[in-house]
>>> print(open('coords-v9.cif').read())   # mmCIF, C-alpha atoms
data_data
#
loop_
_atom_site.label_atom_id
_atom_site.label_comp_id
_atom_site.auth_asym_id
_atom_site.auth_seq_id
_atom_site.Cartn_x
_atom_site.Cartn_y
_atom_site.Cartn_z
CA MET E 28 8.85 10.07 19.96
CA ILE E 29 10.81 10.59 16.78
CA LEU E 30 9.38 14.12 16.32
CA LYS E 31 11.05 15.93 19.23
CA ASN E 32 9.20 19.18 18.48
CA LEU E 33 5.98 17.43 19.51
CA ASP E 34 7.24 16.30 22.93
CA ARG E 35 5.49 19.29 24.52
CA TYR E 36 2.07 18.19 23.20
CA ARG E 37 -0.51 15.64 24.21
CA ILE E 38 -1.83 14.42 20.87
CA ILE E 39 -5.51 13.60 20.28
CA LEU E 40 -6.65 11.72 17.19
CA ALA E 41 -10.30 12.59 16.65
CA SER E 42 -11.29 9.60 14.55
CA ASN E 43 -13.16 6.36 15.14
CA SER E 44 -11.47 4.66 12.19
CA PRO E 45 -9.35 1.70 13.36
CA ARG E 46 -7.27 2.05 10.18
CA ARG E 47 -6.36 5.67 11.02
CA ARG E 48 -5.44 4.69 14.58
CA GLN E 49 -3.14 1.97 13.29
CA LEU E 50 -1.51 4.25 10.71
CA LEU E 51 -0.83 7.00 13.26
CA ALA E 52 0.55 4.45 15.72
CA ASP E 53 2.84 3.00 13.03
CA LEU E 54 4.12 6.51 12.37
CA GLY E 55 5.61 6.27 15.87
CA LEU E 56 3.40 8.85 17.61
CA ASP E 57 1.93 8.55 21.11
CA PHE E 58 -1.68 9.69 21.16
CA ASN E 59 -5.15 9.21 22.59
CA VAL E 60 -8.41 8.92 20.72
CA LEU E 61 -11.36 11.23 21.39
CA THR E 62 -14.15 12.01 18.95
CA LEU E 63 -16.81 14.70 19.35
CA ASP E 64 -20.08 14.69 17.42
CA THR E 65 -20.20 16.64 14.19
CA GLU E 66 -22.32 16.79 11.07
CA GLU E 67 -20.70 15.41 7.93
CA ASP E 68 -22.41 17.73 5.45
CA PHE E 69 -20.69 20.11 3.13
CA PRO E 70 -22.12 23.04 1.17
CA GLU E 71 -22.72 22.75 -2.58
CA GLY E 72 -20.21 24.33 -4.90
CA LEU E 73 -17.05 23.07 -3.18
CA SER E 74 -14.40 21.56 -5.47
CA MET E 75 -13.17 17.96 -5.20
CA SER E 76 -10.20 18.98 -3.04
CA GLU E 77 -12.06 21.53 -0.91
CA ILE E 78 -14.59 18.96 0.35
CA PRO E 79 -12.28 16.73 2.48
CA VAL E 80 -10.49 19.80 3.91
CA TYR E 81 -13.82 21.39 4.80
CA LEU E 82 -14.96 18.17 6.51
CA ALA E 83 -11.67 17.74 8.40
CA GLU E 84 -11.96 21.32 9.68
CA LEU E 85 -15.61 20.70 10.60
CA LYS E 86 -14.52 17.75 12.74
CA ALA E 87 -11.94 19.97 14.47
CA GLN E 88 -14.48 22.74 15.21
CA PRO E 89 -16.03 21.28 18.42
CA PHE E 90 -12.55 21.12 19.98
CA ASP E 91 -12.42 24.48 21.78
CA ILE E 92 -8.81 24.12 22.90
CA LYS E 93 -7.78 26.08 26.01
CA ASP E 94 -4.68 24.06 26.98
CA ASP E 95 -1.30 25.03 25.57
CA ASP E 96 -0.16 21.41 25.35
CA LEU E 97 -3.03 19.91 23.38
CA LEU E 98 -2.80 19.03 19.68
CA VAL E 99 -5.81 17.60 17.83
CA ILE E 100 -5.69 15.76 14.50
CA THR E 101 -8.84 15.23 12.43
CA ALA E 102 -9.23 13.70 8.99
CA ASP E 103 -11.88 12.95 6.39
CA THR E 104 -11.58 10.72 3.34
CA ILE E 105 -13.80 10.98 0.27
CA VAL E 106 -14.03 8.86 -2.86
CA TRP E 107 -14.61 10.90 -6.01
CA CYS E 108 -15.79 9.32 -9.27
CA ASP E 109 -17.13 10.96 -12.42
CA GLY E 110 -17.69 14.32 -10.73
CA GLU E 111 -19.45 13.14 -7.57
CA VAL E 112 -18.68 11.97 -4.04
CA LEU E 113 -19.39 8.29 -3.39
CA THR E 114 -20.71 7.77 0.13
CA LYS E 115 -20.82 4.72 2.38
CA PRO E 116 -23.19 2.09 0.96
CA ALA E 117 -26.61 1.76 2.59
CA ASP E 118 -26.85 -1.99 1.96
CA SER E 119 -25.55 -4.83 -0.25
CA ALA E 120 -27.41 -3.64 -3.34
CA ASP E 121 -26.01 -0.14 -2.89
CA ALA E 122 -22.46 -1.50 -2.40
CA LYS E 123 -22.84 -3.48 -5.62
CA ARG E 124 -24.04 -0.40 -7.50
CA ILE E 125 -21.03 1.61 -6.22
CA LEU E 126 -18.47 -1.11 -7.10
CA GLN E 127 -19.98 -1.51 -10.56
CA LYS E 128 -19.52 2.24 -11.00
CA LEU E 129 -15.82 2.03 -9.99
CA SER E 130 -15.20 -1.06 -12.15
CA GLY E 131 -12.90 -0.66 -15.15
CA LYS E 132 -11.99 2.96 -14.54
CA LYS E 133 -9.92 5.49 -12.60
CA HIS E 134 -11.28 7.35 -9.57
CA GLN E 135 -9.82 9.66 -6.93
CA VAL E 136 -9.42 9.22 -3.19
CA LEU E 137 -8.80 12.40 -1.18
CA THR E 138 -8.08 12.76 2.49
CA GLY E 139 -8.25 16.12 4.20
CA VAL E 140 -6.35 16.56 7.46
CA CYS E 141 -6.60 19.31 10.07
CA ILE E 142 -4.02 19.86 12.85
CA LYS E 143 -5.29 22.17 15.60
CA THR E 144 -3.75 23.62 18.75
CA LYS E 145 -4.82 26.53 20.99
CA ASP E 146 -3.12 29.09 18.75
CA LYS E 147 -2.78 27.45 15.35
CA GLN E 148 -4.71 25.49 12.78
CA ARG E 149 -3.23 23.91 9.67
CA SER E 150 -5.11 21.94 7.00
CA PHE E 151 -4.04 20.09 3.89
CA PHE E 152 -5.13 17.25 1.62
CA SER E 153 -3.63 14.39 -0.36
CA LYS E 154 -5.01 12.93 -3.59
CA THR E 155 -4.45 9.42 -4.97
CA ASP E 156 -5.65 8.12 -8.32
CA VAL E 157 -6.87 4.52 -8.16
CA CYS E 158 -7.47 2.29 -11.22
CA PHE E 159 -9.81 -0.68 -10.92
CA LYS E 160 -9.81 -3.45 -13.49
CA GLN E 161 -13.14 -4.59 -14.92
CA LEU E 162 -14.69 -6.38 -11.94
CA SER E 163 -17.00 -9.34 -12.61
CA ASP E 164 -20.34 -9.61 -10.80
CA GLU E 165 -19.02 -12.77 -9.18
CA GLU E 166 -16.01 -10.90 -7.74
CA ILE E 167 -18.18 -8.02 -6.50
CA ASP E 168 -20.69 -10.39 -4.87
CA TYR E 169 -17.91 -12.45 -3.26
CA TYR E 170 -16.31 -9.32 -1.79
CA ILE E 171 -19.52 -7.81 -0.43
CA GLU E 172 -20.61 -11.11 1.10
CA HIS E 173 -17.24 -11.81 2.79
CA TYR E 174 -16.11 -8.29 3.73
CA GLN E 175 -19.32 -6.29 4.36
CA PRO E 176 -17.79 -2.94 3.33
CA PHE E 177 -20.68 -0.83 4.70
CA ASP E 178 -18.47 1.42 6.83
CA LYS E 179 -16.31 2.39 3.86
CA ALA E 180 -16.75 5.32 1.50
CA GLY E 181 -16.75 3.92 -2.04
CA ALA E 182 -17.67 0.47 -0.65
CA TYR E 183 -14.12 -0.91 -0.64
CA GLY E 184 -10.92 -1.13 1.40
CA ILE E 185 -7.71 -1.06 -0.63
CA GLN E 186 -6.10 -3.33 1.99
CA GLU E 187 -8.83 -5.96 1.58
CA TRP E 188 -9.33 -8.74 -0.97
CA ILE E 189 -10.93 -6.47 -3.57
CA GLY E 190 -7.86 -4.21 -3.41
CA TYR E 191 -5.61 -7.23 -4.00
CA ILE E 192 -7.44 -8.63 -7.01
CA GLY E 193 -9.00 -5.49 -8.41
CA ILE E 194 -6.62 -2.52 -8.25
CA GLU E 195 -4.32 -2.41 -11.26
CA LYS E 196 -2.36 0.65 -10.20
CA ILE E 197 -2.41 3.73 -8.02
CA GLU E 198 -0.71 7.07 -8.39
CA GLY E 199 -0.02 8.89 -5.14
CA SER E 200 0.03 7.63 -1.54
CA TYR E 201 -1.26 4.13 -0.69
CA PHE E 202 -1.81 5.03 2.97
CA ASN E 203 -3.90 8.03 1.88
CA VAL E 204 -6.37 5.58 0.33
CA MET E 205 -6.44 3.68 3.64
CA GLY E 206 -7.46 6.94 5.33
CA LEU E 207 -4.41 8.94 6.38
CA PRO E 208 -1.63 10.47 4.24
CA VAL E 209 1.06 9.60 6.80
CA GLN E 210 4.03 10.94 4.85
CA GLN E 211 2.50 14.39 4.38
CA LEU E 212 1.20 14.40 7.96
CA TYR E 213 4.69 13.59 9.25
CA GLN E 214 6.18 16.48 7.24
CA GLU E 215 3.49 18.89 8.47
CA LEU E 216 3.95 17.81 12.09
CA LYS E 217 7.72 18.07 11.76
CA LYS E 218 7.50 21.75 10.86
CA PHE E 219 4.46 22.53 13.05
CA MET C 26 -10.91 -21.15 -3.41
CA ILE C 27 -12.22 -18.21 -5.40
CA LEU C 28 -10.33 -19.34 -8.53
CA LYS C 29 -12.26 -22.49 -9.42
CA ASN C 30 -9.97 -23.27 -12.36
CA LEU C 31 -7.18 -23.92 -9.81
CA ASP C 32 -9.12 -26.45 -7.77
CA ARG C 33 -7.34 -29.28 -9.62
CA TYR C 34 -3.90 -28.03 -8.51
CA ARG C 35 -1.83 -28.27 -5.36
CA ILE C 36 -0.11 -24.87 -5.26
CA ILE C 37 3.48 -24.45 -4.08
CA LEU C 38 4.90 -21.01 -3.30
CA ALA C 39 8.68 -21.29 -3.68
CA SER C 40 9.66 -18.31 -1.54
CA ASN C 41 11.03 -17.81 1.96
CA SER C 42 9.67 -14.26 2.16
CA PRO C 43 7.06 -13.95 4.93
CA ARG C 44 5.62 -10.94 3.09
CA ARG C 45 5.00 -12.99 -0.07
CA ARG C 46 3.38 -15.77 1.96
CA GLN C 47 1.03 -13.27 3.60
CA LEU C 48 0.15 -11.61 0.28
CA LEU C 49 -0.64 -14.93 -1.41
CA ALA C 50 -2.72 -16.04 1.58
CA ASP C 51 -4.66 -12.75 1.53
CA LEU C 52 -5.40 -13.36 -2.14
CA GLY C 53 -7.46 -16.30 -0.90
CA LEU C 54 -5.33 -19.16 -2.24
CA ASP C 55 -4.53 -22.40 -0.43
CA PHE C 56 -0.87 -23.30 -0.85
CA ASN C 57 2.22 -24.81 0.70
CA VAL C 58 5.71 -23.38 0.86
CA LEU C 59 8.73 -25.19 -0.52
CA THR C 60 11.96 -23.60 -1.65
CA LEU C 61 14.80 -25.30 -3.51
CA ASP C 62 18.33 -23.92 -3.66
CA THR C 63 19.23 -21.74 -6.63
CA GLU C 64 21.86 -19.20 -7.54
CA GLU C 65 20.65 -15.59 -7.69
CA ASP C 66 23.02 -14.42 -10.41
CA PHE C 67 22.01 -13.01 -13.74
CA PRO C 68 24.08 -12.51 -16.90
CA GLU C 69 25.27 -9.05 -17.89
CA GLY C 70 23.39 -7.22 -20.60
CA LEU C 71 19.85 -7.96 -19.36
CA SER C 72 17.49 -4.98 -19.25
CA MET C 73 15.82 -3.71 -16.06
CA SER C 74 12.66 -5.72 -16.72
CA GLU C 75 14.41 -8.86 -17.97
CA ILE C 76 16.37 -9.33 -14.72
CA PRO C 77 13.50 -10.16 -12.31
CA VAL C 78 11.84 -12.43 -14.89
CA TYR C 79 15.16 -14.24 -15.45
CA LEU C 80 15.59 -14.68 -11.70
CA ALA C 81 12.00 -15.89 -11.16
CA GLU C 82 12.48 -18.46 -13.93
CA LEU C 83 15.81 -19.48 -12.40
CA LYS C 84 14.05 -20.18 -9.11
CA ALA C 85 11.49 -22.33 -10.96
CA GLN C 86 14.16 -24.37 -12.77
CA PRO C 87 14.96 -26.91 -10.00
CA PHE C 88 11.29 -27.90 -9.88
CA ASP C 89 11.23 -30.82 -12.30
CA ILE C 90 7.46 -31.28 -12.19
CA LYS C 91 6.15 -34.79 -13.00
CA ASP C 92 2.73 -34.53 -11.34
CA ASP C 93 -0.23 -33.24 -13.32
CA ASP C 94 -1.74 -31.51 -10.29
CA LEU C 95 1.25 -29.43 -9.15
CA LEU C 96 1.55 -25.68 -9.74
CA VAL C 97 4.65 -23.79 -8.59
CA ILE C 98 4.88 -20.02 -8.15
CA THR C 99 8.27 -18.28 -7.88
CA ALA C 100 9.07 -14.58 -7.67
CA ASP C 101 12.01 -12.22 -7.49
CA THR C 102 11.99 -8.52 -6.61
CA ILE C 103 14.71 -6.08 -7.59
CA VAL C 104 15.25 -2.42 -6.76
CA TRP C 105 16.58 -0.39 -9.68
CA CYS C 106 18.09 3.06 -9.22
CA ASP C 107 20.13 5.16 -11.64
CA GLY C 108 20.76 2.25 -13.99
CA GLU C 109 21.82 -0.38 -11.47
CA VAL C 110 20.34 -3.08 -9.25
CA LEU C 111 20.49 -2.34 -5.52
CA THR C 112 21.12 -5.50 -3.53
CA LYS C 113 20.51 -6.40 0.09
CA PRO C 114 22.76 -4.36 2.39
CA ALA C 115 25.80 -6.11 3.86
CA ASP C 116 25.72 -4.11 7.10
CA SER C 117 24.50 -0.84 8.67
CA ALA C 118 26.98 1.32 6.78
CA ASP C 119 25.92 -0.28 3.50
CA ALA C 120 22.22 0.19 4.33
CA LYS C 121 22.91 3.86 5.04
CA ARG C 122 24.74 4.27 1.72
CA ILE C 123 21.82 2.66 -0.15
CA LEU C 124 19.16 4.79 1.57
CA GLN C 125 21.18 7.95 0.93
CA LYS C 126 21.23 6.95 -2.73
CA LEU C 127 17.43 6.53 -2.81
CA SER C 128 16.83 9.78 -0.87
CA GLY C 129 15.14 12.63 -2.74
CA LYS C 130 14.56 10.77 -5.97
CA LYS C 131 12.50 8.27 -7.93
CA HIS C 132 13.51 4.62 -8.30
CA GLN C 133 11.90 1.47 -9.69
CA VAL C 134 10.83 -1.73 -7.99
CA LEU C 135 10.24 -4.72 -10.28
CA THR C 136 8.94 -8.15 -9.38
CA GLY C 137 9.21 -11.04 -11.81
CA VAL C 138 6.83 -13.97 -11.33
CA CYS C 139 6.93 -17.44 -12.85
CA ILE C 140 4.01 -19.91 -12.79
CA LYS C 141 5.05 -23.45 -13.66
CA THR C 142 3.17 -26.73 -14.11
CA LYS C 143 4.17 -30.02 -15.76
CA ASP C 144 3.17 -28.77 -19.22
CA LYS C 145 3.25 -25.00 -19.04
CA GLN C 146 5.34 -22.10 -17.84
CA ARG C 147 4.22 -18.46 -17.80
CA SER C 148 6.33 -15.49 -16.64
CA PHE C 149 5.58 -11.78 -16.26
CA PHE C 150 6.72 -8.74 -14.31
CA SER C 151 5.26 -5.65 -12.67
CA LYS C 152 7.00 -2.28 -12.27
CA THR C 153 6.28 0.40 -9.67
CA ASP C 154 7.88 3.84 -9.50
CA VAL C 155 8.64 4.93 -5.93
CA CYS C 156 9.50 8.52 -4.93
CA PHE C 157 11.39 9.13 -1.69
CA LYS C 158 11.51 12.56 -0.10
CA GLN C 159 14.90 13.92 0.99
CA LEU C 160 15.70 11.70 3.99
CA SER C 161 17.72 13.17 6.86
CA ASP C 162 20.66 11.25 8.32
CA GLU C 163 18.72 11.15 11.60
CA GLU C 164 15.75 9.46 9.89
CA ILE C 165 17.99 6.95 8.08
CA ASP C 166 19.89 6.09 11.27
CA TYR C 167 16.66 5.74 13.27
CA TYR C 168 15.19 3.38 10.66
CA ILE C 169 18.28 1.16 10.33
CA GLU C 170 18.70 0.92 14.10
CA HIS C 171 15.05 0.04 14.78
CA TYR C 172 14.18 -2.05 11.71
CA GLN C 173 17.44 -3.77 10.65
CA PRO C 174 16.51 -3.97 6.95
CA PHE C 175 19.34 -6.35 6.02
CA ASP C 176 17.07 -8.93 4.35
CA LYS C 177 15.58 -6.33 2.02
CA ALA C 178 16.74 -5.35 -1.48
CA GLY C 179 17.18 -1.57 -1.48
CA ALA C 180 17.45 -1.62 2.35
CA TYR C 181 13.82 -0.68 3.01
CA GLY C 182 10.32 -2.09 3.41
CA ILE C 183 7.52 0.11 2.07
CA GLN C 184 5.25 -1.23 4.80
CA GLU C 185 7.68 -0.15 7.54
CA TRP C 186 8.30 3.21 9.24
CA ILE C 187 10.57 4.52 6.48
CA GLY C 188 7.79 3.86 3.96
CA TYR C 189 5.34 5.82 6.12
CA ILE C 190 7.49 8.90 6.61
CA GLY C 191 9.62 8.78 3.48
CA ILE C 192 7.62 7.76 0.43
CA GLU C 193 5.87 10.72 -1.17
CA LYS C 194 4.13 8.80 -3.91
CA ILE C 195 4.17 5.62 -5.91
CA GLU C 196 2.94 4.87 -9.41
CA GLY C 197 1.93 1.27 -10.00
CA SER C 198 1.11 -1.52 -7.55
CA TYR C 199 1.83 -1.10 -3.81
CA PHE C 200 1.85 -4.86 -3.21
CA ASN C 201 4.40 -5.27 -5.99
CA VAL C 202 6.82 -3.18 -3.89
CA MET C 203 6.11 -5.49 -0.93
CA GLY C 204 7.19 -8.41 -3.13
CA LEU C 205 4.25 -9.80 -5.09
CA PRO C 206 2.07 -8.12 -7.75
CA VAL C 207 -1.10 -9.79 -6.48
CA GLN C 208 -3.52 -8.19 -8.91
CA GLN C 209 -1.55 -9.27 -11.99
CA LEU C 210 -0.87 -12.71 -10.46
CA TYR C 211 -4.62 -13.17 -9.85
CA GLN C 212 -5.39 -12.29 -13.48
CA GLU C 213 -2.69 -14.65 -14.78
CA LEU C 214 -3.88 -17.49 -12.54
CA LYS C 215 -7.49 -16.86 -13.56
CA LYS C 216 -6.69 -17.48 -17.21
CA PHE C 217 -4.01 -20.15 -16.59
#
>>> encode(input="coords-v9.cif", output="structure tokens")
Amino acid sequence: MILKNLDRYRIILASNSPRRRQLLADLGLDFNVLTLDTEEDFPEGLSMSEIPVYLAELKAQPFDIKDDDLLVITADTIVWCDGEVLTKPADSADAKRILQKLSGKKHQVLTGVCIKTKDKQRSFFSKTDVCFKQLSDEEIDYYIEHYQPFDKAGAYGIQEWIGYIGIEKIEGSYFNVMGLPVQQLYQELKKF
Amino acid sequence: MILKNLDRYRIILASNSPRRRQLLADLGLDFNVLTLDTEEDFPEGLSMSEIPVYLAELKAQPFDIKDDDLLVITADTIVWCDGEVLTKPADSADAKRILQKLSGKKHQVLTGVCIKTKDKQRSFFSKTDVCFKQLSDEEIDYYIEHYQPFDKAGAYGIQEWIGYIGIEKIEGSYFNVMGLPVQQLYQELKKF
């Protein structure tokens, strides 16, 4: 591995997201995937940036690490628009409602990450602003029908067709919007 | 195709870049690839944003279109840092020099695009700011050795390892840095 300081660890990525697995693999890390059940609720009153960190730490909680050589990475991505978290759509009508809300304006995508070993825990987040053009109903319907974005918070994937035709600009990390802020994670792991 | 107004055209992408081909395909367009030889020189005195448009139009020039149903798309991407264009690296030492120049600062990536038919020609450009963290010599050497970025202006690909570990943030379009501003191209084609 490129990060020699991690050679002593077996790395676990606790995420079912195929996008996160791919991003971590492309970073050049060797790891295994293991997820443990957790709730995905957060208490009221948390700020926009506290929520994804809270949820990433919540996902790390069930890992009661006793081995010196184990390192667990968890992450949670939220889509924030007009003061509220946009969840995964329940169905096509819900996906359409969410995309109409995002249309023609700027929203925020935040990923919280938690790195946990037996002795240490470190959390951080990354925020990216994303600007959608005014989406037509035809474009929204076409996307939902062909891409079925029901597993995606905010009802879209930046790396899918709607990201190609709809996103005018971003400010921040592109990979963060995909689900993992790889540059920041690399820096944190480097000094871990 | 999603863009019904283009159904009457056979689309030609005049680019040898596999990244551009993939991006245009992911946009949902049917097209063929055909490149014709051109110089890639530009006159002195052009501004940062005039250069890629000039070069995209230069690539469109040899297409002397006589058919009503032909539409040609050309593009050129430049990397601009500290007031000069960074070219493709000649060798490993040159790639290292270029990446050391980009390290720890912000630079600009601009893609010019030209759409040409028998009767019409339309050109535009997109600009993205890219911020690299301070890259270590070890990281630069590792990247050059493993990725051989000799076909890339600025000696890097944002979608490769160096983009994952090195790019702190961008402002603008991610796909523009890969070589084609797909969102703007879609809008231009939609109203063409």
>>> closest_residue(input="coords-v9.cif", among="E:Gln175, E:Gln135, E:Thr144, E:Thr114", to="Ile100 in chain E", atoms="all atoms listed in the file")
E:Thr144
>>> residues_near_point(input="coords-v9.cif", point="(19.5, 9.9, 4.6)", cutoff="6 Å", atoms="only C-alpha atoms", output="JSON, numbers by chain")
{"C": [124, 125, 160, 161, 162, 165]}
>>> write_last_selection(input="coords-v9.cif", atoms="C-alpha atoms", output="compact mmCIF listing (two decimals), in the coordinates of the input")
# COMPACT_ATOMS: atom_id res chain seq x y z
CA LEU C 124 19.16 4.79 1.57
CA GLN C 125 21.18 7.95 0.93
CA LEU C 160 15.70 11.70 3.99
CA SER C 161 17.72 13.17 6.86
CA ASP C 162 20.66 11.25 8.32
CA ILE C 165 17.99 6.95 8.08
>>> resolve_selection(input="coords-v9.cif", expression="the PyMOL selection byres ((chain C and resi 137) around 6)", output="mmCIF file with C-alpha atoms, keeping the file's coordinate frame")
data_model
loop_
_atom_site.group_PDB
_atom_site.id
_atom_site.type_symbol
_atom_site.label_atom_id
_atom_site.label_comp_id
_atom_site.auth_asym_id
_atom_site.auth_seq_id
_atom_site.Cartn_x
_atom_site.Cartn_y
_atom_site.Cartn_z
ATOM 1 C CA PRO C 77 13.500 -10.160 -12.310
ATOM 2 C CA VAL C 78 11.840 -12.430 -14.890
ATOM 3 C CA ALA C 81 12.000 -15.890 -11.160
ATOM 4 C CA ALA C 100 9.070 -14.580 -7.670
ATOM 5 C CA ASP C 101 12.010 -12.220 -7.490
ATOM 6 C CA THR C 136 8.940 -8.150 -9.380
ATOM 7 C CA VAL C 138 6.830 -13.970 -11.330
ATOM 8 C CA PHE C 149 5.580 -11.780 -16.260
ATOM 9 C CA PHE C 150 6.720 -8.740 -14.310
#
>>> closest_residue(input="coords-v9.cif", among="E:Asn59, E:Ser42, E:Gln88, E:Thr155", to="Ser200 in chain E", atoms="all atoms listed in the file")
E:Thr155
>>> resolve_selection(input="coords-v9.cif", expression="the PyMOL selection byres ((chain E and resi 58) around 9)", output="MDAnalysis selection string")
chainID E and resid 37:40 51:52 56:57 59:60
>>> resolve_selection(input="coords-v9.cif", expression="the PyMOL selection byres ((chain C) within 9 of (chain E))", output="PyMOL selection string")
chain C and resi 27+48+51-53+153+164+167+185-200+206-212
>>> atom_distance(input="coords-v9.cif", atom1="CA of Ser130 in chain E", atom2="CA of Phe159 in chain E")
5.5 Å
>>> residues_around(input="coords-v9.cif", residues="Thr62 in chain E", least_positions_apart="4", cutoff="10 Å", atoms="all atoms listed in the file", output="NGL selection string")
:E and (39-43 or 86-87 or 89-90 or 101)
